[in-house]
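Data block for run.cif (mmCIF, C-alpha atoms):
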```
data_start
#
loop_
_atom_site.group_PDB
_atom_site.id
_atom_site.type_symbol
_atom_site.label_atom_id
_atom_site.label_comp_id
_atom_site.auth_asym_id
_atom_site.auth_seq_id
_atom_site.Cartn_x
_atom_site.Cartn_y
_atom_site.Cartn_z
ATOM 1 C CA MET A 1 81.651 109.219 33.175
ATOM 2 C CA LEU A 2 83.872 108.093 30.302
ATOM 3 C CA THR A 3 84.647 111.545 28.982
ATOM 4 C CA ASN A 4 87.496 111.652 26.462
ATOM 5 C CA GLN A 5 88.037 107.920 26.694
ATOM 6 C CA VAL A 6 88.435 105.851 23.551
ATOM 7 C CA ALA A 7 86.607 102.551 23.268
ATOM 8 C CA ILE A 8 86.708 99.772 20.707
ATOM 9 C CA VAL A 9 83.681 97.512 20.377
ATOM 10 C CA THR A 10 84.097 94.441 18.177
ATOM 11 C CA GLY A 11 80.989 93.148 16.469
ATOM 12 C CA GLY A 12 79.757 96.659 17.020
ATOM 13 C CA SER A 13 77.426 97.113 14.076
ATOM 14 C CA ARG A 14 74.417 95.178 15.335
ATOM 15 C CA GLY A 15 72.723 93.624 18.336
ATOM 16 C CA ILE A 16 74.401 93.790 21.726
ATOM 17 C CA GLY A 17 77.500 95.389 20.184
ATOM 18 C CA ARG A 18 75.529 98.292 18.756
ATOM 19 C CA SER A 19 73.828 98.873 22.083
ATOM 20 C CA ILE A 20 77.213 98.827 23.851
ATOM 21 C CA ALA A 21 78.732 101.240 21.314
ATOM 22 C CA CYS A 22 75.862 103.723 21.706
ATOM 23 C CA THR A 23 75.810 103.443 25.498
ATOM 24 C CA LEU A 24 79.560 104.112 25.778
ATOM 25 C CA ALA A 25 79.209 107.099 23.437
ATOM 26 C CA GLU A 26 76.352 108.467 25.536
ATOM 27 C CA ALA A 27 78.638 108.119 28.564
ATOM 28 C CA GLY A 28 81.178 110.358 26.831
ATOM 29 C CA ALA A 29 83.550 107.993 25.045
ATOM 30 C CA ASP A 30 84.700 108.170 21.437
ATOM 31 C CA VAL A 31 83.779 104.794 20.008
ATOM 32 C CA VAL A 32 85.347 102.693 17.274
ATOM 33 C CA ILE A 33 83.367 99.725 16.037
ATOM 34 C CA PHE A 34 84.886 96.733 14.292
ATOM 35 C CA TYR A 35 82.395 95.007 12.010
ATOM 36 C CA ALA A 36 82.696 91.869 9.919
ATOM 37 C CA GLY A 37 80.729 92.701 6.810
ATOM 38 C CA ASN A 38 77.400 94.461 7.277
ATOM 39 C CA GLN A 39 78.371 97.930 6.124
ATOM 40 C CA VAL A 40 74.818 99.287 6.171
ATOM 41 C CA ALA A 41 74.375 98.299 9.812
ATOM 42 C CA ALA A 42 77.843 99.638 10.662
ATOM 43 C CA GLU A 43 76.981 103.014 9.136
ATOM 44 C CA GLU A 44 73.734 103.147 11.104
ATOM 45 C CA THR A 45 75.610 102.475 14.329
ATOM 46 C CA LEU A 46 78.244 105.027 13.395
ATOM 47 C CA ALA A 47 75.544 107.633 12.836
ATOM 48 C CA ALA A 48 74.023 106.789 16.234
ATOM 49 C CA ILE A 49 77.439 107.230 17.902
ATOM 50 C CA GLN A 50 77.971 110.568 16.188
ATOM 51 C CA ALA A 51 74.461 111.679 17.149
ATOM 52 C CA THR A 52 75.612 111.669 20.779
ATOM 53 C CA GLY A 53 78.180 114.320 19.901
ATOM 54 C CA ARG A 54 81.120 111.953 20.264
ATOM 55 C CA GLN A 55 83.510 110.871 17.542
ATOM 56 C CA GLY A 56 82.996 107.498 15.936
ATOM 57 C CA LEU A 57 84.805 105.265 13.492
ATOM 58 C CA ALA A 58 83.686 102.048 11.822
ATOM 59 C CA LEU A 59 86.372 99.679 10.585
ATOM 60 C CA GLN A 60 85.785 96.462 8.695
ATOM 61 C CA VAL A 61 87.902 93.931 10.556
ATOM 62 C CA ASP A 62 87.956 90.151 10.615
ATOM 63 C CA VAL A 63 88.924 89.680 14.270
ATOM 64 C CA SER A 64 90.253 86.195 13.528
ATOM 65 C CA ASN A 65 92.892 87.754 11.276
ATOM 66 C CA GLN A 66 95.786 89.074 13.354
ATOM 67 C CA GLU A 67 97.147 91.339 10.623
ATOM 68 C CA GLN A 68 93.790 93.050 10.213
ATOM 69 C CA VAL A 69 93.373 93.436 13.968
ATOM 70 C CA ASP A 70 96.847 94.916 14.412
ATOM 71 C CA ALA A 71 96.374 97.303 11.492
ATOM 72 C CA ALA A 72 92.984 98.447 12.802
ATOM 73 C CA CYS A 73 94.287 99.063 16.329
ATOM 74 C CA LYS A 74 97.192 101.004 14.873
ATOM 75 C CA GLN A 75 94.716 103.113 12.925
ATOM 76 C CA VAL A 76 92.741 103.797 16.117
ATOM 77 C CA LEU A 77 95.919 104.885 17.923
ATOM 78 C CA GLU A 78 96.910 107.166 15.054
ATOM 79 C CA ARG A 79 93.492 108.808 14.982
ATOM 80 C CA PHE A 80 92.698 109.001 18.714
ATOM 81 C CA GLY A 81 96.089 108.621 20.422
ATOM 82 C CA ARG A 82 94.901 106.119 23.012
ATOM 83 C CA ILE A 83 92.736 103.062 23.672
ATOM 84 C CA ASP A 84 91.023 102.953 27.068
ATOM 85 C CA VAL A 85 88.359 100.318 26.636
ATOM 86 C CA LEU A 86 88.161 97.171 24.537
ATOM 87 C CA VAL A 87 84.877 95.305 24.374
ATOM 88 C CA ASN A 88 85.309 91.895 22.753
ATOM 89 C CA ASN A 89 81.786 91.276 21.586
ATOM 90 C CA ALA A 90 82.158 89.830 18.069
ATOM 91 C CA GLY A 91 80.629 86.408 17.865
ATOM 92 C CA ILE A 92 79.096 83.983 15.404
ATOM 93 C CA THR A 93 77.163 80.737 15.704
ATOM 94 C CA ARG A 94 77.231 77.576 13.608
ATOM 95 C CA ASP A 95 74.840 75.503 15.677
ATOM 96 C CA ASN A 96 74.545 71.786 15.244
ATOM 97 C CA LEU A 97 74.640 68.582 17.219
ATOM 98 C CA ILE A 98 78.209 67.673 17.998
ATOM 99 C CA MET A 99 78.027 64.608 15.763
ATOM 100 C CA ARG A 100 77.155 66.876 12.874
ATOM 101 C CA ILE A 101 79.486 69.800 13.530
ATOM 102 C CA LYS A 102 81.949 69.939 10.665
ATOM 103 C CA GLU A 103 85.561 70.846 11.303
ATOM 104 C CA ASP A 104 85.037 74.089 9.412
ATOM 105 C CA ASP A 105 82.055 75.034 11.623
ATOM 106 C CA TRP A 106 84.179 74.345 14.690
ATOM 107 C CA ASP A 107 87.116 76.370 13.379
ATOM 108 C CA GLN A 108 85.079 79.362 12.279
ATOM 109 C CA VAL A 109 83.348 79.691 15.636
ATOM 110 C CA LEU A 110 86.523 79.195 17.667
ATOM 111 C CA ASP A 111 88.488 81.545 15.393
ATOM 112 C CA THR A 112 86.047 84.425 15.683
ATOM 113 C CA ASN A 113 84.725 83.937 19.218
ATOM 114 C CA LEU A 114 87.924 82.931 21.026
ATOM 115 C CA LYS A 115 90.997 83.569 18.906
ATOM 116 C CA GLY A 116 89.555 86.950 17.981
ATOM 117 C CA VAL A 117 89.436 87.902 21.653
ATOM 118 C CA PHE A 118 93.078 86.863 21.993
ATOM 119 C CA PHE A 119 94.184 88.918 18.972
ATOM 120 C CA CYS A 120 92.285 92.049 19.991
ATOM 121 C CA THR A 121 93.456 91.783 23.597
ATOM 122 C CA LYS A 122 97.056 91.320 22.509
ATOM 123 C CA ALA A 123 96.835 94.354 20.243
ATOM 124 C CA VAL A 124 95.547 96.737 22.922
ATOM 125 C CA ILE A 125 97.580 95.573 25.929
ATOM 126 C CA ARG A 126 100.649 97.502 24.935
ATOM 127 C CA PRO A 127 99.049 100.943 24.660
ATOM 128 C CA MET A 128 97.111 100.196 27.852
ATOM 129 C CA MET A 129 100.323 99.195 29.651
ATOM 130 C CA LYS A 130 101.936 102.442 28.573
ATOM 131 C CA GLN A 131 98.922 104.385 29.810
ATOM 132 C CA ARG A 132 98.953 102.394 33.048
ATOM 133 C CA SER A 133 95.211 102.005 32.697
ATOM 134 C CA GLY A 134 92.717 100.096 30.626
ATOM 135 C CA ARG A 135 89.536 98.080 30.630
ATOM 136 C CA ILE A 136 88.959 94.891 28.712
ATOM 137 C CA ILE A 137 85.431 93.516 28.756
ATOM 138 C CA ASN A 138 84.757 90.188 27.102
ATOM 139 C CA ILE A 139 81.264 89.124 26.159
ATOM 140 C CA SER A 140 80.968 85.437 26.994
ATOM 141 C CA SER A 141 77.616 83.693 27.400
ATOM 142 C CA VAL A 142 75.598 81.877 30.013
ATOM 143 C CA VAL A 143 75.954 78.736 27.882
ATOM 144 C CA GLY A 144 79.728 78.956 28.313
ATOM 145 C CA VAL A 145 79.056 78.256 31.990
ATOM 146 C CA ILE A 146 76.180 75.769 31.895
ATOM 147 C CA GLY A 147 76.528 74.205 28.430
ATOM 148 C CA ASN A 148 73.866 73.912 25.761
ATOM 149 C CA PRO A 149 72.988 71.041 23.442
ATOM 150 C CA GLY A 150 73.512 71.924 19.792
ATOM 151 C CA GLN A 151 76.130 74.571 20.504
ATOM 152 C CA ALA A 152 79.274 72.646 21.454
ATOM 153 C CA ASN A 153 81.521 74.857 19.322
ATOM 154 C CA TYR A 154 79.976 78.109 20.566
ATOM 155 C CA VAL A 155 79.952 76.884 24.173
ATOM 156 C CA ALA A 156 83.590 75.785 23.984
ATOM 157 C CA ALA A 157 84.578 79.200 22.662
ATOM 158 C CA LYS A 158 82.550 81.091 25.266
ATOM 159 C CA ALA A 159 83.928 78.938 28.107
ATOM 160 C CA GLY A 160 87.370 79.611 26.669
ATOM 161 C CA VAL A 161 86.709 83.335 26.850
ATOM 162 C CA ILE A 162 86.100 83.016 30.599
ATOM 163 C CA GLY A 163 89.441 81.252 31.119
ATOM 164 C CA LEU A 164 91.201 83.784 28.919
ATOM 165 C CA THR A 165 89.603 86.565 30.953
ATOM 166 C CA LYS A 166 90.867 85.153 34.253
ATOM 167 C CA SER A 167 94.428 84.636 33.036
ATOM 168 C CA THR A 168 94.693 87.994 31.321
ATOM 169 C CA ALA A 169 93.294 89.715 34.405
ATOM 170 C CA LYS A 170 95.979 88.209 36.614
ATOM 171 C CA GLU A 171 98.762 88.904 34.131
ATOM 172 C CA ILE A 172 98.145 92.601 33.701
ATOM 173 C CA ALA A 173 96.510 93.627 36.974
ATOM 174 C CA SER A 174 99.781 95.228 38.095
ATOM 175 C CA ARG A 175 99.431 97.691 35.212
ATOM 176 C CA ASN A 176 96.019 98.848 36.383
ATOM 177 C CA ILE A 177 94.241 97.097 33.543
ATOM 178 C CA THR A 178 91.100 95.208 34.515
ATOM 179 C CA VAL A 179 89.687 92.330 32.509
ATOM 180 C CA ASN A 180 86.199 91.014 33.085
ATOM 181 C CA ALA A 181 83.690 88.842 31.291
ATOM 182 C CA ILE A 182 79.966 89.239 30.975
ATOM 183 C CA ALA A 183 77.777 86.175 30.536
ATOM 184 C CA PRO A 184 74.499 87.295 28.966
ATOM 185 C CA GLY A 185 71.582 84.916 29.036
ATOM 186 C CA PHE A 186 68.840 85.061 26.460
ATOM 187 C CA ILE A 187 69.062 88.557 24.983
ATOM 188 C CA GLU A 188 66.741 89.485 22.125
ATOM 189 C CA THR A 189 68.936 90.106 19.062
ATOM 190 C CA ASP A 190 69.264 88.959 15.449
ATOM 191 C CA MET A 191 71.312 86.019 16.707
ATOM 192 C CA THR A 192 68.671 84.737 19.104
ATOM 193 C CA ALA A 193 65.819 85.482 16.671
ATOM 194 C CA LYS A 194 67.181 82.611 14.583
ATOM 195 C CA LEU A 195 66.266 80.118 17.326
ATOM 196 C CA ASP A 196 63.039 78.228 16.733
ATOM 197 C CA GLU A 197 59.930 78.910 18.733
ATOM 198 C CA GLN A 198 60.174 75.750 20.801
ATOM 199 C CA THR A 199 63.738 76.541 21.867
ATOM 200 C CA GLN A 200 62.725 80.081 22.767
ATOM 201 C CA LYS A 201 59.793 78.778 24.796
ATOM 202 C CA SER A 202 61.872 76.258 26.707
ATOM 203 C CA MET A 203 64.502 78.909 27.426
ATOM 204 C CA LEU A 204 61.878 81.235 28.804
ATOM 205 C CA GLY A 205 60.924 78.521 31.283
ATOM 206 C CA SER A 206 64.488 78.438 32.594
ATOM 207 C CA ILE A 207 64.635 82.178 33.313
ATOM 208 C CA PRO A 208 63.507 83.012 36.876
ATOM 209 C CA LEU A 209 62.684 86.603 35.886
ATOM 210 C CA GLY A 210 60.360 85.142 33.245
ATOM 211 C CA ARG A 211 61.422 87.351 30.363
ATOM 212 C CA PHE A 212 64.189 87.742 27.837
ATOM 213 C CA GLY A 213 66.810 90.410 28.316
ATOM 214 C CA ALA A 214 67.463 93.456 26.178
ATOM 215 C CA ALA A 215 70.798 94.439 24.657
ATOM 216 C CA ALA A 216 70.734 97.508 26.911
ATOM 217 C CA ASP A 217 70.851 95.241 29.985
ATOM 218 C CA VAL A 218 74.288 94.088 28.864
ATOM 219 C CA ALA A 219 75.394 97.526 27.660
ATOM 220 C CA GLU A 220 74.702 99.110 31.052
ATOM 221 C CA LEU A 221 76.996 96.587 32.753
ATOM 222 C CA VAL A 222 79.705 97.243 30.153
ATOM 223 C CA LYS A 223 79.409 100.949 30.917
ATOM 224 C CA PHE A 224 79.799 100.270 34.627
ATOM 225 C CA LEU A 225 82.788 97.953 34.166
ATOM 226 C CA ALA A 226 84.436 100.578 31.945
ATOM 227 C CA SER A 227 83.867 103.320 34.496
ATOM 228 C CA PRO A 228 86.127 104.434 37.373
ATOM 229 C CA ALA A 229 83.523 102.998 39.784
ATOM 230 C CA ALA A 230 84.539 99.451 38.776
ATOM 231 C CA SER A 231 88.299 99.893 39.247
ATOM 232 C CA TYR A 232 88.571 97.159 41.906
ATOM 233 C CA ILE A 233 86.766 94.462 39.915
ATOM 234 C CA THR A 234 88.882 92.180 37.732
ATOM 235 C CA GLY A 235 88.920 88.571 36.537
ATOM 236 C CA GLN A 236 85.198 88.179 37.103
ATOM 237 C CA THR A 237 82.399 86.743 35.028
ATOM 238 C CA ILE A 238 79.199 88.627 35.700
ATOM 239 C CA HIS A 239 75.892 87.138 34.627
ATOM 240 C CA VAL A 240 73.157 89.190 32.982
ATOM 241 C CA ASP A 241 70.707 86.373 32.567
ATOM 242 C CA GLY A 242 67.545 87.014 34.544
ATOM 243 C CA GLY A 243 68.685 84.616 37.242
ATOM 244 C CA MET A 244 69.367 81.546 35.073
ATOM 245 C CA VAL A 245 72.654 80.901 36.851
ATOM 246 C CA THR A 246 73.223 81.764 40.465
ATOM 247 C CA SER A 247 76.575 81.355 42.153
ATOM 248 C CA MET B 1 124.724 111.926 19.725
ATOM 249 C CA ALA B 2 123.933 109.739 22.706
ATOM 250 C CA THR B 3 125.743 106.429 22.938
ATOM 251 C CA THR B 4 123.863 103.134 22.926
ATOM 252 C CA LEU B 5 124.462 102.835 26.675
ATOM 253 C CA GLU B 6 123.036 106.286 27.328
ATOM 254 C CA ARG B 7 119.919 105.561 25.290
ATOM 255 C CA VAL B 8 119.455 102.191 26.999
ATOM 256 C CA GLN B 9 119.960 103.788 30.415
ATOM 257 C CA LYS B 10 117.325 106.403 29.692
ATOM 258 C CA ILE B 11 114.737 103.832 28.579
ATOM 259 C CA ILE B 12 115.373 101.525 31.544
ATOM 260 C CA SER B 13 115.362 104.382 33.990
ATOM 261 C CA GLU B 14 111.998 105.601 32.712
ATOM 262 C CA LYS B 15 110.419 102.184 32.344
ATOM 263 C CA LEU B 16 111.506 100.778 35.691
ATOM 264 C CA ASP B 17 111.461 104.050 37.572
ATOM 265 C CA VAL B 18 115.058 103.813 38.756
ATOM 266 C CA ALA B 19 117.846 106.436 38.815
ATOM 267 C CA ILE B 20 120.082 106.517 35.729
ATOM 268 C CA GLU B 21 123.135 105.945 37.967
ATOM 269 C CA GLU B 22 121.705 102.613 39.049
ATOM 270 C CA VAL B 23 121.582 101.407 35.455
ATOM 271 C CA THR B 24 125.203 100.313 35.250
ATOM 272 C CA LEU B 25 126.566 97.906 32.630
ATOM 273 C CA GLU B 26 126.728 95.111 35.173
ATOM 274 C CA ALA B 27 123.320 95.726 36.764
ATOM 275 C CA SER B 28 120.990 92.725 36.582
ATOM 276 C CA ILE B 29 117.683 93.838 35.091
ATOM 277 C CA ARG B 30 115.548 91.477 37.144
ATOM 278 C CA GLU B 31 117.517 91.409 40.392
ATOM 279 C CA ASP B 32 119.246 94.781 40.747
ATOM 280 C CA LEU B 33 116.660 96.832 38.892
ATOM 281 C CA ASP B 34 113.715 94.842 40.189
ATOM 282 C CA ALA B 35 111.951 94.163 36.895
ATOM 283 C CA ASP B 36 109.252 91.495 36.817
ATOM 284 C CA SER B 37 108.515 89.382 33.721
ATOM 285 C CA LEU B 38 105.938 91.886 32.466
ATOM 286 C CA ASP B 39 108.440 94.742 32.878
ATOM 287 C CA VAL B 40 110.967 92.818 30.801
ATOM 288 C CA VAL B 41 108.499 92.269 27.938
ATOM 289 C CA ASP B 42 107.519 95.925 28.105
ATOM 290 C CA LEU B 43 111.167 96.988 28.137
ATOM 291 C CA ILE B 44 112.028 94.804 25.145
ATOM 292 C CA MET B 45 109.203 96.434 23.170
ATOM 293 C CA ASP B 46 110.464 99.903 24.071
ATOM 294 C CA LEU B 47 113.985 98.963 23.043
ATOM 295 C CA GLU B 48 112.666 97.664 19.723
ATOM 296 C CA ASP B 49 110.951 100.998 19.115
ATOM 297 C CA GLU B 50 113.933 103.085 20.212
ATOM 298 C CA PHE B 51 116.471 101.272 18.063
ATOM 299 C CA GLY B 52 114.143 100.227 15.233
ATOM 300 C CA LEU B 53 115.023 96.571 15.494
ATOM 301 C CA SER B 54 113.380 93.294 16.341
ATOM 302 C CA ILE B 55 114.431 91.287 19.387
ATOM 303 C CA SER B 56 113.454 87.617 19.119
ATOM 304 C CA GLU B 57 112.227 85.571 22.063
ATOM 305 C CA GLU B 58 115.515 83.652 22.006
ATOM 306 C CA ALA B 59 117.591 86.835 22.059
ATOM 307 C CA ALA B 60 115.402 88.307 24.789
ATOM 308 C CA GLU B 61 115.913 85.255 26.985
ATOM 309 C CA LYS B 62 119.672 85.785 26.906
ATOM 310 C CA ILE B 63 119.412 89.307 28.260
ATOM 311 C CA THR B 64 120.135 89.430 31.984
ATOM 312 C CA ILE B 65 122.349 92.458 32.587
ATOM 313 C CA VAL B 66 122.350 95.911 31.000
ATOM 314 C CA LYS B 67 125.507 95.113 29.090
ATOM 315 C CA ASP B 68 123.682 92.280 27.280
ATOM 316 C CA ILE B 69 121.299 94.837 25.784
ATOM 317 C CA VAL B 70 124.074 97.201 24.693
ATOM 318 C CA THR B 71 126.011 94.313 23.128
ATOM 319 C CA PHE B 72 122.896 93.071 21.315
ATOM 320 C CA VAL B 73 121.972 96.493 19.968
ATOM 321 C CA ASP B 74 125.518 97.278 18.826
ATOM 322 C CA GLY B 75 125.755 93.806 17.281
ATOM 323 C CA GLN B 76 122.604 94.487 15.226
ATOM 324 C CA LYS B 77 123.920 97.828 14.014
ATOM 325 C CA ALA B 78 127.325 96.459 13.006
#
```
What would the structure in this file look like if it were written as structure tokens?
Amino acid sequence: MLTNQVAIVTGGSRGIGRSIACTLAEAGADVVIFYAGNQVAAEETLAAIQATGRQGLALQVDVSNQEQVDAACKQVLERFGRIDVLVNNAGITRDNLIMRIKEDDWDQVLDTNLKGVFFCTKAVIRPMMKQRSGRIINISSVVGVIGNPGQANYVAAKAGVIGLTKSTAKEIASRNITVNAIAPGFIETDMTAKLDEQTQKSMLGSIPLGRFGAAADVAELVKFLASPAASYITGQTIHVDGGMVTS
Amino acid sequence: MATTLERVQKIISEKLDVAIEEVTLEASIREDLDADSLDVVDLIMDLEDEFGLSISEEAAEKITIVKDIVTFVDGQKA
């Protein structure tokens, strides 16, 4: 399905990113993960990628640092010769009520979750333009569409990702590069495990399917969007949220 | 060794999929050679690679015909 393709997954060491990395490798892609700092988790993911028989690479990259992003993408091109798929998945939270969000909490979340998508996208567009093909898949969030109290910084960044997705899609469609966003709902990961019980309970009540999602639910959609079958889909935000948002 | 014009002609011809003969000194990159804004950005990056130089946004904006590129490149080398 993705045989001999090269994919980069940011935030690829844990959670949804790890599931995406492994799913793309199982579909035949060589997978590079960018990870922020958890080397143990990155090595575990790398081993899981290699266990599929595909090549893997784990690079420690702060996606909010353009120099690091450019250097890492250059390294990927030197090693693999091409970049077919970019999955912008890296994300952090610094939750608080807006009155209590400090400037630094705002900046960190926007820098990683939105500016990081910009830097990574910018770095891969050129090789993709030369190849006349490419897939960029941005992981947004359902809260970027409907809002969420206590997450103004995260929500602003995730809504920004949707706008960035639409503009980028229109700009580079003529080069056969598609850009789509995925808006996961409540997916069970380390990030959502931090939420208190009451929040989890109230979220469950807002999910028509009555259950939380799994990282694999998101990864399967990434695999589809990266595949030739999705070549006519671009600029979209697709929800994987158990029916929380219907449009 | 190929002249600057010949190297520029080859890059433009490949990038914009036009015949080398069409890439004359006076040809307008956007109008005669039918490049859109994305093509121009792409072309500038290829020229930077080919000649090992950096073309600023300001310099890029001044480029309209093929001759502008040749003049710029030769000016950088001089």
Practice item. Considering all atoms listed in the file, return as an NGL selection string whatever protein or nucleic-acid residues lie within 12 Å of segment 28-39 of chain B, sequence-local ones (same chain, fewer than 5 positions apart) excluded. Key: (:A and (125-126 or 129-130 or 168 or 170-175)) or (:B and (8-9 or 11-23 or 44-46 or 60-69))
**Study point:** atom CA of Lys115 of chain A to atom CA of Asn153 of chain A, straight-line distance in Å
**Key:**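 Answer for the atom CA of Asn153 of chain A to atom CA of Lys115 of chain A separation: 12.9 Å.
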Exercise for review: Identify which of the residues B:Thr71, B:Gln76, B:Asp42, B:Asp49 lies closest to chain A, counting only C-alpha atoms when measuring atom-to-atom distances.
Suggested key: B:Asp42
Practice item. Run the PyMOL selection byres ((chain A and resi 210-213) around 12) against the file shown and list the residues it catches, as a ChimeraX atom specification. Key: /A:16,183-189,192-193,200-209,214-219,239-244
Exercise for review: List the residues selected by the PyMOL selection byres ((chain A and resi 3) around 12) in the file shown, writing them as a ChimeraX atom specification.
Suggested key: /A:1-2,4-7,24-31,53-55,84,223,226-228
Store the residues of this selection in a file with C-alpha atoms, as a short mmCIF file (atom, residue, chain, number, x, y, z; two decimals), in the frame of the given file.
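Done, and the output landed in selection_36.cif:
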```cif
data_model
loop_
_atom_site.label_atom_id
_atom_site.label_comp_id
_atom_site.auth_asym_id
_atom_site.auth_seq_id
_atom_site.Cartn_x
_atom_site.Cartn_y
_atom_site.Cartn_z
CA MET A 1 81.65 109.22 33.17
CA LEU A 2 83.87 108.09 30.30
CA ASN A 4 87.50 111.65 26.46
CA GLN A 5 88.04 107.92 26.69
CA VAL A 6 88.44 105.85 23.55
CA ALA A 7 86.61 102.55 23.27
CA LEU A 24 79.56 104.11 25.78
CA ALA A 25 79.21 107.10 23.44
CA GLU A 26 76.35 108.47 25.54
CA ALA A 27 78.64 108.12 28.56
CA GLY A 28 81.18 110.36 26.83
CA ALA A 29 83.55 107.99 25.04
CA ASP A 30 84.70 108.17 21.44
CA VAL A 31 83.78 104.79 20.01
CA GLY A 53 78.18 114.32 19.90
CA ARG A 54 81.12 111.95 20.26
CA GLN A 55 83.51 110.87 17.54
CA ASP A 84 91.02 102.95 27.07
CA LYS A 223 79.41 100.95 30.92
CA ALA A 226 84.44 100.58 31.94
CA SER A 227 83.87 103.32 34.50
CA PRO A 228 86.13 104.43 37.37
#
```
Review point. Just how far from atom CA of Thr23 of chain A is atom CA of Glu220 of chain A, in Å to one decimal?
Key: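 These two atoms are separated by 7.1 Å.
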